[in-house]
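Pasting protein08.cif here (mmCIF, N, CA and C atoms):
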```
data_protein
#
loop_
_atom_site.group_PDB
_atom_site.id
_atom_site.type_symbol
_atom_site.label_atom_id
_atom_site.label_comp_id
_atom_site.auth_asym_id
_atom_site.auth_seq_id
_atom_site.Cartn_x
_atom_site.Cartn_y
_atom_site.Cartn_z
ATOM 1 N N MET X 47 0.806 -1.183 0.000
ATOM 2 C CA MET X 47 0.000 0.000 0.000
ATOM 3 C C MET X 47 0.855 1.255 0.000
ATOM 4 N N SER X 48 1.955 1.218 0.738
ATOM 5 C CA SER X 48 2.794 2.416 0.793
ATOM 6 C C SER X 48 3.464 2.687 -0.548
ATOM 7 N N GLY X 49 3.587 1.676 -1.400
ATOM 8 C CA GLY X 49 4.173 1.872 -2.716
ATOM 9 C C GLY X 49 3.312 2.739 -3.619
ATOM 10 N N LEU X 50 2.012 2.786 -3.379
ATOM 11 C CA LEU X 50 1.116 3.592 -4.183
ATOM 12 C C LEU X 50 1.278 5.083 -3.903
ATOM 13 N N LEU X 51 1.728 5.453 -2.720
ATOM 14 C CA LEU X 51 1.865 6.843 -2.339
ATOM 15 C C LEU X 51 3.223 7.417 -2.693
ATOM 16 N N HIS X 52 4.135 6.579 -3.135
ATOM 17 C CA HIS X 52 5.477 7.045 -3.457
ATOM 18 C C HIS X 52 5.467 7.802 -4.791
ATOM 19 N N VAL X 53 6.062 8.985 -4.807
ATOM 20 C CA VAL X 53 6.156 9.783 -6.019
ATOM 21 C C VAL X 53 7.570 9.667 -6.550
ATOM 22 N N SER X 54 7.685 9.310 -7.794
ATOM 23 C CA SER X 54 8.986 9.118 -8.414
ATOM 24 C C SER X 54 9.711 10.451 -8.563
ATOM 25 N N ALA X 55 11.011 10.448 -8.388
ATOM 26 C CA ALA X 55 11.819 11.664 -8.505
ATOM 27 C C ALA X 55 12.145 11.985 -9.959
ATOM 28 N N SER X 56 11.886 11.078 -10.852
ATOM 29 C CA SER X 56 12.146 11.345 -12.266
ATOM 30 C C SER X 56 10.912 10.969 -13.067
ATOM 31 N N GLY X 57 10.815 11.503 -14.249
ATOM 32 C CA GLY X 57 9.667 11.208 -15.085
ATOM 33 C C GLY X 57 9.374 12.380 -15.999
ATOM 34 N N PRO X 58 8.462 12.178 -16.911
ATOM 35 C CA PRO X 58 8.185 13.217 -17.906
ATOM 36 C C PRO X 58 7.457 14.444 -17.350
ATOM 37 N N PHE X 59 6.851 14.329 -16.168
ATOM 38 C CA PHE X 59 6.051 15.433 -15.653
ATOM 39 C C PHE X 59 6.712 16.162 -14.480
ATOM 40 N N GLN X 60 7.983 15.996 -14.318
ATOM 41 C CA GLN X 60 8.705 16.698 -13.267
ATOM 42 C C GLN X 60 9.010 18.112 -13.728
ATOM 43 N N VAL X 61 8.675 19.096 -12.917
ATOM 44 C CA VAL X 61 8.886 20.496 -13.269
ATOM 45 C C VAL X 61 9.914 21.087 -12.319
ATOM 46 N N PRO X 62 10.947 21.726 -12.854
ATOM 47 C CA PRO X 62 11.929 22.391 -11.975
ATOM 48 C C PRO X 62 11.383 23.744 -11.506
ATOM 49 N N TRP X 63 10.547 23.722 -10.458
ATOM 50 C CA TRP X 63 9.859 24.922 -10.007
ATOM 51 C C TRP X 63 10.818 26.040 -9.631
ATOM 52 N N SER X 64 11.993 25.693 -9.148
ATOM 53 C CA SER X 64 12.942 26.736 -8.744
ATOM 54 C C SER X 64 13.383 27.583 -9.936
ATOM 55 N N ASP X 65 13.348 27.033 -11.132
ATOM 56 C CA ASP X 65 13.696 27.799 -12.337
ATOM 57 C C ASP X 65 12.658 28.865 -12.647
ATOM 58 N N TYR X 66 11.439 28.670 -12.199
ATOM 59 C CA TYR X 66 10.333 29.571 -12.520
ATOM 60 C C TYR X 66 9.860 30.407 -11.331
ATOM 61 N N ARG X 67 10.553 30.310 -10.215
ATOM 62 C CA ARG X 67 10.106 30.984 -8.994
ATOM 63 C C ARG X 67 9.910 32.487 -9.207
ATOM 64 N N GLY X 68 10.839 33.168 -9.834
ATOM 65 C CA GLY X 68 10.728 34.604 -10.072
ATOM 66 C C GLY X 68 9.518 34.957 -10.922
ATOM 67 N N ASP X 69 9.315 34.190 -11.986
ATOM 68 C CA ASP X 69 8.154 34.440 -12.852
ATOM 69 C C ASP X 69 6.839 34.172 -12.125
ATOM 70 N N LEU X 70 6.812 33.142 -11.298
ATOM 71 C CA LEU X 70 5.594 32.820 -10.558
ATOM 72 C C LEU X 70 5.270 33.896 -9.523
ATOM 73 N N VAL X 71 6.278 34.418 -8.847
ATOM 74 C CA VAL X 71 6.064 35.486 -7.870
ATOM 75 C C VAL X 71 5.583 36.750 -8.581
ATOM 76 N N ASP X 72 6.175 37.056 -9.744
ATOM 77 C CA ASP X 72 5.738 38.206 -10.529
ATOM 78 C C ASP X 72 4.287 38.035 -10.977
ATOM 79 N N ALA X 73 3.933 36.854 -11.430
ATOM 80 C CA ALA X 73 2.558 36.584 -11.870
ATOM 81 C C ALA X 73 1.584 36.686 -10.706
ATOM 82 N N LEU X 74 1.984 36.232 -9.541
ATOM 83 C CA LEU X 74 1.124 36.344 -8.362
ATOM 84 C C LEU X 74 0.886 37.808 -8.014
ATOM 85 N N GLY X 75 1.925 38.616 -8.075
ATOM 86 C CA GLY X 75 1.782 40.049 -7.801
ATOM 87 C C GLY X 75 0.858 40.735 -8.791
ATOM 88 N N ARG X 76 1.004 40.387 -10.070
ATOM 89 C CA ARG X 76 0.128 40.964 -11.090
ATOM 90 C C ARG X 76 -1.325 40.542 -10.876
ATOM 91 N N THR X 77 -1.525 39.282 -10.546
ATOM 92 C CA THR X 77 -2.878 38.775 -10.319
ATOM 93 C C THR X 77 -3.535 39.486 -9.147
ATOM 94 N N VAL X 78 -2.790 39.672 -8.079
ATOM 95 C CA VAL X 78 -3.339 40.356 -6.906
ATOM 96 C C VAL X 78 -3.659 41.807 -7.247
ATOM 97 N N SER X 79 -2.801 42.472 -8.023
ATOM 98 C CA SER X 79 -3.073 43.872 -8.371
ATOM 99 C C SER X 79 -4.282 43.989 -9.304
ATOM 100 N N TYR X 80 -4.409 43.109 -10.284
ATOM 101 C CA TYR X 80 -5.601 43.105 -11.143
ATOM 102 C C TYR X 80 -6.848 42.871 -10.300
ATOM 103 N N THR X 81 -6.775 41.930 -9.386
ATOM 104 C CA THR X 81 -7.923 41.593 -8.555
ATOM 105 C C THR X 81 -8.332 42.759 -7.667
ATOM 106 N N ALA X 82 -7.374 43.380 -7.011
ATOM 107 C CA ALA X 82 -7.683 44.468 -6.078
ATOM 108 C C ALA X 82 -8.303 45.660 -6.801
ATOM 109 N N VAL X 83 -7.674 46.100 -7.886
ATOM 110 C CA VAL X 83 -8.181 47.263 -8.620
ATOM 111 C C VAL X 83 -9.536 46.957 -9.240
ATOM 112 N N SER X 84 -9.673 45.799 -9.845
ATOM 113 C CA SER X 84 -10.933 45.444 -10.507
ATOM 114 C C SER X 84 -12.056 45.245 -9.501
ATOM 115 N N PHE X 85 -11.748 44.703 -8.340
ATOM 116 C CA PHE X 85 -12.771 44.506 -7.313
ATOM 117 C C PHE X 85 -13.333 45.842 -6.850
ATOM 118 N N VAL X 86 -12.448 46.780 -6.553
ATOM 119 C CA VAL X 86 -12.901 48.097 -6.091
ATOM 120 C C VAL X 86 -13.723 48.788 -7.187
ATOM 121 N N GLY X 87 -13.224 48.759 -8.414
ATOM 122 C CA GLY X 87 -13.943 49.388 -9.513
ATOM 123 C C GLY X 87 -15.290 48.740 -9.782
ATOM 124 N N ALA X 88 -15.340 47.415 -9.735
ATOM 125 C CA ALA X 88 -16.598 46.707 -9.998
ATOM 126 C C ALA X 88 -17.611 46.963 -8.888
ATOM 127 N N VAL X 89 -17.152 47.070 -7.656
ATOM 128 C CA VAL X 89 -18.074 47.366 -6.559
ATOM 129 C C VAL X 89 -18.669 48.758 -6.744
ATOM 130 N N LEU X 90 -17.831 49.731 -7.076
ATOM 131 C CA LEU X 90 -18.325 51.101 -7.243
ATOM 132 C C LEU X 90 -19.279 51.220 -8.433
ATOM 133 N N LEU X 91 -18.876 50.673 -9.578
ATOM 134 C CA LEU X 91 -19.744 50.738 -10.749
ATOM 135 C C LEU X 91 -20.999 49.895 -10.549
ATOM 136 N N GLY X 92 -20.859 48.736 -9.936
ATOM 137 C CA GLY X 92 -22.015 47.886 -9.668
ATOM 138 C C GLY X 92 -23.013 48.554 -8.736
ATOM 139 N N LEU X 93 -22.505 49.276 -7.747
ATOM 140 C CA LEU X 93 -23.386 50.017 -6.850
ATOM 141 C C LEU X 93 -24.132 51.118 -7.605
ATOM 142 N N ALA X 94 -23.422 51.814 -8.480
ATOM 143 C CA ALA X 94 -24.068 52.861 -9.277
ATOM 144 C C ALA X 94 -25.154 52.269 -10.178
ATOM 145 N N VAL X 95 -24.866 51.150 -10.814
ATOM 146 C CA VAL X 95 -25.860 50.507 -11.688
ATOM 147 C C VAL X 95 -27.046 50.015 -10.864
ATOM 148 N N ALA X 96 -26.776 49.458 -9.702
ATOM 149 C CA ALA X 96 -27.870 48.990 -8.845
ATOM 150 C C ALA X 96 -28.763 50.149 -8.409
ATOM 151 N N LEU X 97 -28.151 51.275 -8.076
ATOM 152 C CA LEU X 97 -28.947 52.438 -7.688
ATOM 153 C C LEU X 97 -29.762 52.966 -8.867
ATOM 154 N N LEU X 98 -29.188 52.906 -10.073
ATOM 155 C CA LEU X 98 -29.959 53.303 -11.259
ATOM 156 C C LEU X 98 -31.133 52.358 -11.493
ATOM 157 N N ARG X 99 -30.930 51.078 -11.215
ATOM 158 C CA ARG X 99 -32.024 50.109 -11.380
ATOM 159 C C ARG X 99 -33.158 50.380 -10.404
ATOM 160 N N LEU X 100 -32.853 51.004 -9.275
ATOM 161 C CA LEU X 100 -33.870 51.316 -8.262
ATOM 162 C C LEU X 100 -34.473 52.709 -8.437
ATOM 163 N N SER X 101 -34.000 53.429 -9.435
ATOM 164 C CA SER X 101 -34.452 54.803 -9.646
ATOM 165 C C SER X 101 -35.934 54.846 -10.026
ATOM 166 N N ARG X 102 -36.565 55.969 -9.702
ATOM 167 C CA ARG X 102 -37.967 56.152 -10.082
ATOM 168 C C ARG X 102 -38.095 56.575 -11.540
ATOM 169 N N ALA X 103 -37.025 57.147 -12.094
ATOM 170 C CA ALA X 103 -37.057 57.605 -13.495
ATOM 171 C C ALA X 103 -36.838 56.401 -14.418
ATOM 172 N N TRP X 104 -37.804 56.144 -15.274
ATOM 173 C CA TRP X 104 -37.702 54.966 -16.139
ATOM 174 C C TRP X 104 -36.533 55.032 -17.121
ATOM 175 N N PRO X 105 -36.088 56.199 -17.635
ATOM 176 C CA PRO X 105 -34.928 56.169 -18.528
ATOM 177 C C PRO X 105 -33.654 55.683 -17.830
ATOM 178 N N LEU X 106 -33.505 56.060 -16.559
ATOM 179 C CA LEU X 106 -32.330 55.587 -15.812
ATOM 180 C C LEU X 106 -32.400 54.083 -15.569
ATOM 181 N N ARG X 107 -33.581 53.596 -15.244
ATOM 182 C CA ARG X 107 -33.755 52.150 -15.064
ATOM 183 C C ARG X 107 -33.480 51.405 -16.361
ATOM 184 N N ALA X 108 -33.921 51.989 -17.482
ATOM 185 C CA ALA X 108 -33.717 51.344 -18.779
ATOM 186 C C ALA X 108 -32.233 51.289 -19.146
ATOM 187 N N VAL X 109 -31.519 52.385 -18.908
ATOM 188 C CA VAL X 109 -30.076 52.401 -19.194
ATOM 189 C C VAL X 109 -29.362 51.341 -18.363
ATOM 190 N N ALA X 110 -29.691 51.262 -17.084
ATOM 191 C CA ALA X 110 -29.062 50.280 -16.203
ATOM 192 C C ALA X 110 -29.414 48.856 -16.627
ATOM 193 N N ALA X 111 -30.662 48.645 -17.043
ATOM 194 C CA ALA X 111 -31.084 47.308 -17.473
ATOM 195 C C ALA X 111 -30.362 46.893 -18.757
ATOM 196 N N VAL X 112 -30.235 47.813 -19.692
ATOM 197 C CA VAL X 112 -29.528 47.507 -20.941
ATOM 198 C C VAL X 112 -28.051 47.207 -20.648
ATOM 199 N N TYR X 113 -27.426 48.041 -19.817
ATOM 200 C CA TYR X 113 -26.026 47.809 -19.437
ATOM 201 C C TYR X 113 -25.859 46.406 -18.842
ATOM 202 N N THR X 114 -26.736 46.083 -17.889
ATOM 203 C CA THR X 114 -26.642 44.786 -17.215
ATOM 204 C C THR X 114 -26.824 43.637 -18.204
ATOM 205 N N GLU X 115 -27.828 43.737 -19.056
ATOM 206 C CA GLU X 115 -28.080 42.650 -20.005
ATOM 207 C C GLU X 115 -26.953 42.499 -21.019
ATOM 208 N N VAL X 116 -26.428 43.605 -21.499
ATOM 209 C CA VAL X 116 -25.351 43.532 -22.492
ATOM 210 C C VAL X 116 -24.108 42.895 -21.887
ATOM 211 N N PHE X 117 -23.670 43.410 -20.748
ATOM 212 C CA PHE X 117 -22.406 42.926 -20.197
ATOM 213 C C PHE X 117 -22.518 41.579 -19.502
ATOM 214 N N LYS X 118 -23.721 41.150 -19.153
ATOM 215 C CA LYS X 118 -23.886 39.797 -18.624
ATOM 216 C C LYS X 118 -23.876 38.766 -19.742
ATOM 217 N N ASN X 119 -24.245 39.175 -20.952
ATOM 218 C CA ASN X 119 -24.396 38.222 -22.048
ATOM 219 C C ASN X 119 -23.264 38.247 -23.063
ATOM 220 N N VAL X 120 -22.290 39.107 -22.869
ATOM 221 C CA VAL X 120 -21.113 39.124 -23.737
ATOM 222 C C VAL X 120 -19.981 38.433 -22.984
ATOM 223 N N PRO X 121 -19.307 37.467 -23.600
ATOM 224 C CA PRO X 121 -18.221 36.775 -22.904
ATOM 225 C C PRO X 121 -17.096 37.736 -22.501
ATOM 226 N N LEU X 122 -16.476 37.438 -21.372
ATOM 227 C CA LEU X 122 -15.400 38.281 -20.853
ATOM 228 C C LEU X 122 -14.261 38.410 -21.856
ATOM 229 N N LEU X 123 -13.919 37.337 -22.537
ATOM 230 C CA LEU X 123 -12.830 37.402 -23.513
ATOM 231 C C LEU X 123 -13.147 38.388 -24.630
ATOM 232 N N ALA X 124 -14.396 38.435 -25.063
ATOM 233 C CA ALA X 124 -14.786 39.399 -26.097
ATOM 234 C C ALA X 124 -14.676 40.827 -25.576
ATOM 235 N N ILE X 125 -15.037 41.042 -24.317
ATOM 236 C CA ILE X 125 -14.910 42.374 -23.731
ATOM 237 C C ILE X 125 -13.445 42.781 -23.631
ATOM 238 N N ILE X 126 -12.588 41.845 -23.273
ATOM 239 C CA ILE X 126 -11.146 42.133 -23.190
ATOM 240 C C ILE X 126 -10.610 42.526 -24.563
ATOM 241 N N PHE X 127 -10.959 41.780 -25.595
ATOM 242 C CA PHE X 127 -10.500 42.109 -26.941
ATOM 243 C C PHE X 127 -11.038 43.465 -27.392
ATOM 244 N N LEU X 128 -12.311 43.719 -27.136
ATOM 245 C CA LEU X 128 -12.888 45.007 -27.532
ATOM 246 C C LEU X 128 -12.260 46.167 -26.769
ATOM 247 N N THR X 129 -11.980 45.958 -25.499
ATOM 248 C CA THR X 129 -11.378 47.023 -24.697
ATOM 249 C C THR X 129 -9.970 47.333 -25.183
ATOM 250 N N TYR X 130 -9.184 46.301 -25.419
ATOM 251 C CA TYR X 130 -7.782 46.531 -25.780
ATOM 252 C C TYR X 130 -7.625 46.926 -27.250
ATOM 253 N N PHE X 131 -8.226 46.159 -28.151
ATOM 254 C CA PHE X 131 -8.043 46.414 -29.582
ATOM 255 C C PHE X 131 -9.093 47.370 -30.149
ATOM 256 N N GLY X 132 -10.330 47.255 -29.695
ATOM 257 C CA GLY X 132 -11.393 48.104 -30.219
ATOM 258 C C GLY X 132 -11.206 49.562 -29.840
ATOM 259 N N LEU X 133 -10.875 49.815 -28.594
ATOM 260 C CA LEU X 133 -10.631 51.193 -28.184
ATOM 261 C C LEU X 133 -9.395 51.767 -28.864
ATOM 262 N N ALA X 134 -8.386 50.932 -29.085
ATOM 263 C CA ALA X 134 -7.171 51.392 -29.764
ATOM 264 C C ALA X 134 -7.476 51.784 -31.208
ATOM 265 N N SER X 135 -8.354 51.046 -31.868
ATOM 266 C CA SER X 135 -8.707 51.408 -33.242
ATOM 267 C C SER X 135 -9.553 52.677 -33.289
ATOM 268 N N ALA X 136 -10.172 53.033 -32.159
ATOM 269 C CA ALA X 136 -10.948 54.271 -32.065
ATOM 270 C C ALA X 136 -10.086 55.433 -31.571
ATOM 271 N N GLY X 137 -8.791 55.171 -31.382
ATOM 272 C CA GLY X 137 -7.880 56.229 -30.961
ATOM 273 C C GLY X 137 -7.648 56.313 -29.466
ATOM 274 N N ILE X 138 -8.248 55.423 -28.693
ATOM 275 C CA ILE X 138 -8.050 55.410 -27.241
ATOM 276 C C ILE X 138 -7.109 54.257 -26.910
ATOM 277 N N ARG X 139 -5.877 54.571 -26.631
ATOM 278 C CA ARG X 139 -4.875 53.540 -26.362
ATOM 279 C C ARG X 139 -4.685 53.366 -24.862
ATOM 280 N N LEU X 140 -4.921 52.152 -24.401
ATOM 281 C CA LEU X 140 -4.748 51.811 -22.999
ATOM 282 C C LEU X 140 -3.612 50.815 -22.859
ATOM 283 N N ASP X 141 -2.877 50.922 -21.754
ATOM 284 C CA ASP X 141 -1.861 49.898 -21.503
ATOM 285 C C ASP X 141 -2.571 48.610 -21.088
ATOM 286 N N VAL X 142 -1.818 47.530 -21.019
ATOM 287 C CA VAL X 142 -2.401 46.214 -20.758
ATOM 288 C C VAL X 142 -3.122 46.192 -19.415
ATOM 289 N N PHE X 143 -2.498 46.758 -18.388
ATOM 290 C CA PHE X 143 -3.109 46.744 -17.064
ATOM 291 C C PHE X 143 -4.422 47.511 -17.053
ATOM 292 N N SER X 144 -4.446 48.697 -17.626
ATOM 293 C CA SER X 144 -5.673 49.514 -17.643
ATOM 294 C C SER X 144 -6.782 48.829 -18.436
ATOM 295 N N ALA X 145 -6.440 48.283 -19.596
ATOM 296 C CA ALA X 145 -7.446 47.596 -20.412
ATOM 297 C C ALA X 145 -7.976 46.360 -19.693
ATOM 298 N N GLY X 146 -7.094 45.622 -19.048
ATOM 299 C CA GLY X 146 -7.533 44.440 -18.309
ATOM 300 C C GLY X 146 -8.439 44.784 -17.151
ATOM 301 N N CYS X 147 -8.045 45.788 -16.382
ATOM 302 C CA CYS X 147 -8.871 46.198 -15.242
ATOM 303 C C CYS X 147 -10.209 46.759 -15.706
ATOM 304 N N LEU X 148 -10.204 47.581 -16.741
ATOM 305 C CA LEU X 148 -11.458 48.135 -17.260
ATOM 306 C C LEU X 148 -12.385 47.019 -17.736
ATOM 307 N N SER X 149 -11.828 46.034 -18.407
ATOM 308 C CA SER X 149 -12.630 44.902 -18.874
ATOM 309 C C SER X 149 -13.260 44.152 -17.707
ATOM 310 N N LEU X 150 -12.476 43.874 -16.696
ATOM 311 C CA LEU X 150 -12.991 43.156 -15.531
ATOM 312 C C LEU X 150 -14.027 43.993 -14.785
ATOM 313 N N ILE X 151 -13.801 45.289 -14.707
ATOM 314 C CA ILE X 151 -14.747 46.167 -14.001
ATOM 315 C C ILE X 151 -16.097 46.177 -14.689
ATOM 316 N N VAL X 152 -16.123 46.438 -16.006
ATOM 317 C CA VAL X 152 -17.417 46.533 -16.686
ATOM 318 C C VAL X 152 -18.125 45.174 -16.740
ATOM 319 N N PHE X 153 -17.364 44.084 -16.780
ATOM 320 C CA PHE X 153 -17.980 42.754 -16.818
ATOM 321 C C PHE X 153 -18.581 42.396 -15.464
ATOM 322 N N TYR X 154 -17.806 42.539 -14.407
ATOM 323 C CA TYR X 154 -18.281 42.098 -13.089
ATOM 324 C C TYR X 154 -19.203 43.103 -12.413
ATOM 325 N N ALA X 155 -19.220 44.336 -12.861
ATOM 326 C CA ALA X 155 -20.175 45.316 -12.317
ATOM 327 C C ALA X 155 -21.597 44.958 -12.737
ATOM 328 N N ALA X 156 -21.720 44.301 -13.887
ATOM 329 C CA ALA X 156 -23.053 43.930 -14.369
ATOM 330 C C ALA X 156 -23.624 42.818 -13.504
#
```
Can you present the structure in this file as structure tokens?
Amino acid sequence: MSGLLHVSASGPFQVPWSDYRGDLVDALGRTVSYTAVSFVGAVLLGLAVALLRLSRAWPLRAVAAVYTEVFKNVPLLAIIFLTYFGLASAGIRLDVFSAGCLSLIVFYAA
């Protein structure tokens, strides 16, 4: 039974993690920064949209409803491409971090 739990030290799926430690730490930092900025932005925009949905003025409710339906039904990857490449073709150039955060904000705020 103990032979089943033994992990071989060699084989095709062994990864030298120490070779990638710097890249993994950098990726973790980027992920945390995307998450933190996008979370705050999505909460603020989501709160604004929710308040518009509760408004007594029907045009404001309609705008919020359309926003919610559009961004809930468009895949996140399509929003990322439109934010980065679509805005650039319209003359609005965003760096990767800004485009990524904006994409996550508008998607998750809905």
**Request:** Just the residues within 12 Å of Asn119 of chain X, please, counting only C-alpha atoms, with nothing from its chain fewer than 6 positions along; format it as an MDAnalysis selection string.
**Result:** chainID X and resid 112:113 125 153:154 156
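For the pair atom C of Asp72 of chain X and atom N of Pro121 of chain X, the interatomic distance is 26.8 Å.
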**Message:** Is it possible to get the residues within 12 Å of (0.3, 44.8, -14.3) (coordinates as in the file, counting only C-alpha atoms) written as a list in words?
**Reply:**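 The distance filter leaves exactly Asp72, Ala73, Leu74, Gly75, Arg76, Thr77, Val78, Ser79, Tyr80, Thr81, Ala82, Val83, Ser84, Asp141, Val142, Phe143, Ser144, Ala145, Gly146 and Cys147 of chain X.
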Would you mind listing what lies within 8 Å of Val95 of chain X as a PDB file with N, CA and C atoms, keeping the file's coordinate frame, with only N, CA and C atoms counted and same-chain residues fewer than 3 positions away left out?
```pdb
ATOM      1  N   VAL X  89     -17.152  47.070  -7.656  1.00  0.00           N
ATOM      2  CA  VAL X  89     -18.074  47.366  -6.559  1.00  0.00           C
ATOM      3  C   VAL X  89     -18.669  48.758  -6.744  1.00  0.00           C
ATOM      4  N   LEU X  90     -17.831  49.731  -7.076  1.00  0.00           N
ATOM      5  CA  LEU X  90     -18.325  51.101  -7.243  1.00  0.00           C
ATOM      6  C   LEU X  90     -19.279  51.220  -8.433  1.00  0.00           C
ATOM      7  N   LEU X  91     -18.876  50.673  -9.578  1.00  0.00           N
ATOM      8  CA  LEU X  91     -19.744  50.738 -10.749  1.00  0.00           C
ATOM      9  C   LEU X  91     -20.999  49.895 -10.549  1.00  0.00           C
ATOM     10  N   GLY X  92     -20.859  48.736  -9.936  1.00  0.00           N
ATOM     11  CA  GLY X  92     -22.015  47.886  -9.668  1.00  0.00           C
ATOM     12  C   GLY X  92     -23.013  48.554  -8.736  1.00  0.00           C
ATOM     13  N   LEU X  98     -29.188  52.906 -10.073  1.00  0.00           N
ATOM     14  CA  LEU X  98     -29.959  53.303 -11.259  1.00  0.00           C
ATOM     15  C   LEU X  98     -31.133  52.358 -11.493  1.00  0.00           C
ATOM     16  N   ARG X  99     -30.930  51.078 -11.215  1.00  0.00           N
ATOM     17  CA  ARG X  99     -32.024  50.109 -11.380  1.00  0.00           C
ATOM     18  C   ARG X  99     -33.158  50.380 -10.404  1.00  0.00           C
ATOM     19  N   LEU X 100     -32.853  51.004  -9.275  1.00  0.00           N
ATOM     20  CA  LEU X 100     -33.870  51.316  -8.262  1.00  0.00           C
ATOM     21  C   LEU X 100     -34.473  52.709  -8.437  1.00  0.00           C
ATOM     22  N   SER X 101     -34.000  53.429  -9.435  1.00  0.00           N
ATOM     23  CA  SER X 101     -34.452  54.803  -9.646  1.00  0.00           C
ATOM     24  C   SER X 101     -35.934  54.846 -10.026  1.00  0.00           C
ATOM     25  N   VAL X 109     -31.519  52.385 -18.908  1.00  0.00           N
ATOM     26  CA  VAL X 109     -30.076  52.401 -19.194  1.00  0.00           C
ATOM     27  C   VAL X 109     -29.362  51.341 -18.363  1.00  0.00           C
ATOM     28  N   ALA X 110     -29.691  51.262 -17.084  1.00  0.00           N
ATOM     29  CA  ALA X 110     -29.062  50.280 -16.203  1.00  0.00           C
ATOM     30  C   ALA X 110     -29.414  48.856 -16.627  1.00  0.00           C
ATOM     31  N   ALA X 111     -30.662  48.645 -17.043  1.00  0.00           N
ATOM     32  CA  ALA X 111     -31.084  47.308 -17.473  1.00  0.00           C
ATOM     33  C   ALA X 111     -30.362  46.893 -18.757  1.00  0.00           C
ATOM     34  N   THR X 114     -26.736  46.083 -17.889  1.00  0.00           N
ATOM     35  CA  THR X 114     -26.642  44.786 -17.215  1.00  0.00           C
ATOM     36  C   THR X 114     -26.824  43.637 -18.204  1.00  0.00           C
ATOM     37  N   ALA X 155     -19.220  44.336 -12.861  1.00  0.00           N
ATOM     38  CA  ALA X 155     -20.175  45.316 -12.317  1.00  0.00           C
ATOM     39  C   ALA X 155     -21.597  44.958 -12.737  1.00  0.00           C
ATOM     40  N   ALA X 156     -21.720  44.301 -13.887  1.00  0.00           N
ATOM     41  CA  ALA X 156     -23.053  43.930 -14.369  1.00  0.00           C
ATOM     42  C   ALA X 156     -23.624  42.818 -13.504  1.00  0.00           C
TER      43      ALA X 156
END
```
**Prompt:** In Å to one decimal, how far is atom CA of Ile151 of chain X from atom N of Ala88 of chain X?
**Reply:** 4.5 Å
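Coordinates place atom CA of Val116 of chain X at a distance of 18.2 Å from atom N of Phe131 of chain X.
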Box along x, y and z, 5 Å on every side, all listed atoms of segment 80-91 of chain X inside: centre and edge lengths in Å to one decimal, as JSON.
```
{"center_x": -12.7, "center_y": 46.4, "center_z": -8.6, "size_x": 26.6, "size_y": 19.6, "size_z": 15.1}
```
Selecting C-alpha atoms, how would segment 117-132 of chain X from this structure be written as a short mmCIF file (atom, residue, chain, number, x, y, z; two decimals), in the first residue's frame?
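Output contents, as saved in decode_8.cif:
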```cif
data_model
loop_
_atom_site.label_atom_id
_atom_site.label_comp_id
_atom_site.auth_asym_id
_atom_site.auth_seq_id
_atom_site.Cartn_x
_atom_site.Cartn_y
_atom_site.Cartn_z
CA PHE X 117 -22.41 42.93 -20.20
CA LYS X 118 -23.89 39.80 -18.62
CA ASN X 119 -24.40 38.22 -22.05
CA VAL X 120 -21.11 39.12 -23.74
CA PRO X 121 -18.22 36.78 -22.90
CA LEU X 122 -15.40 38.28 -20.85
CA LEU X 123 -12.83 37.40 -23.51
CA ALA X 124 -14.79 39.40 -26.10
CA ILE X 125 -14.91 42.37 -23.73
CA ILE X 126 -11.15 42.13 -23.19
CA PHE X 127 -10.50 42.11 -26.94
CA LEU X 128 -12.89 45.01 -27.53
CA THR X 129 -11.38 47.02 -24.70
CA TYR X 130 -7.78 46.53 -25.78
CA PHE X 131 -8.04 46.41 -29.58
CA GLY X 132 -11.39 48.10 -30.22
#
```
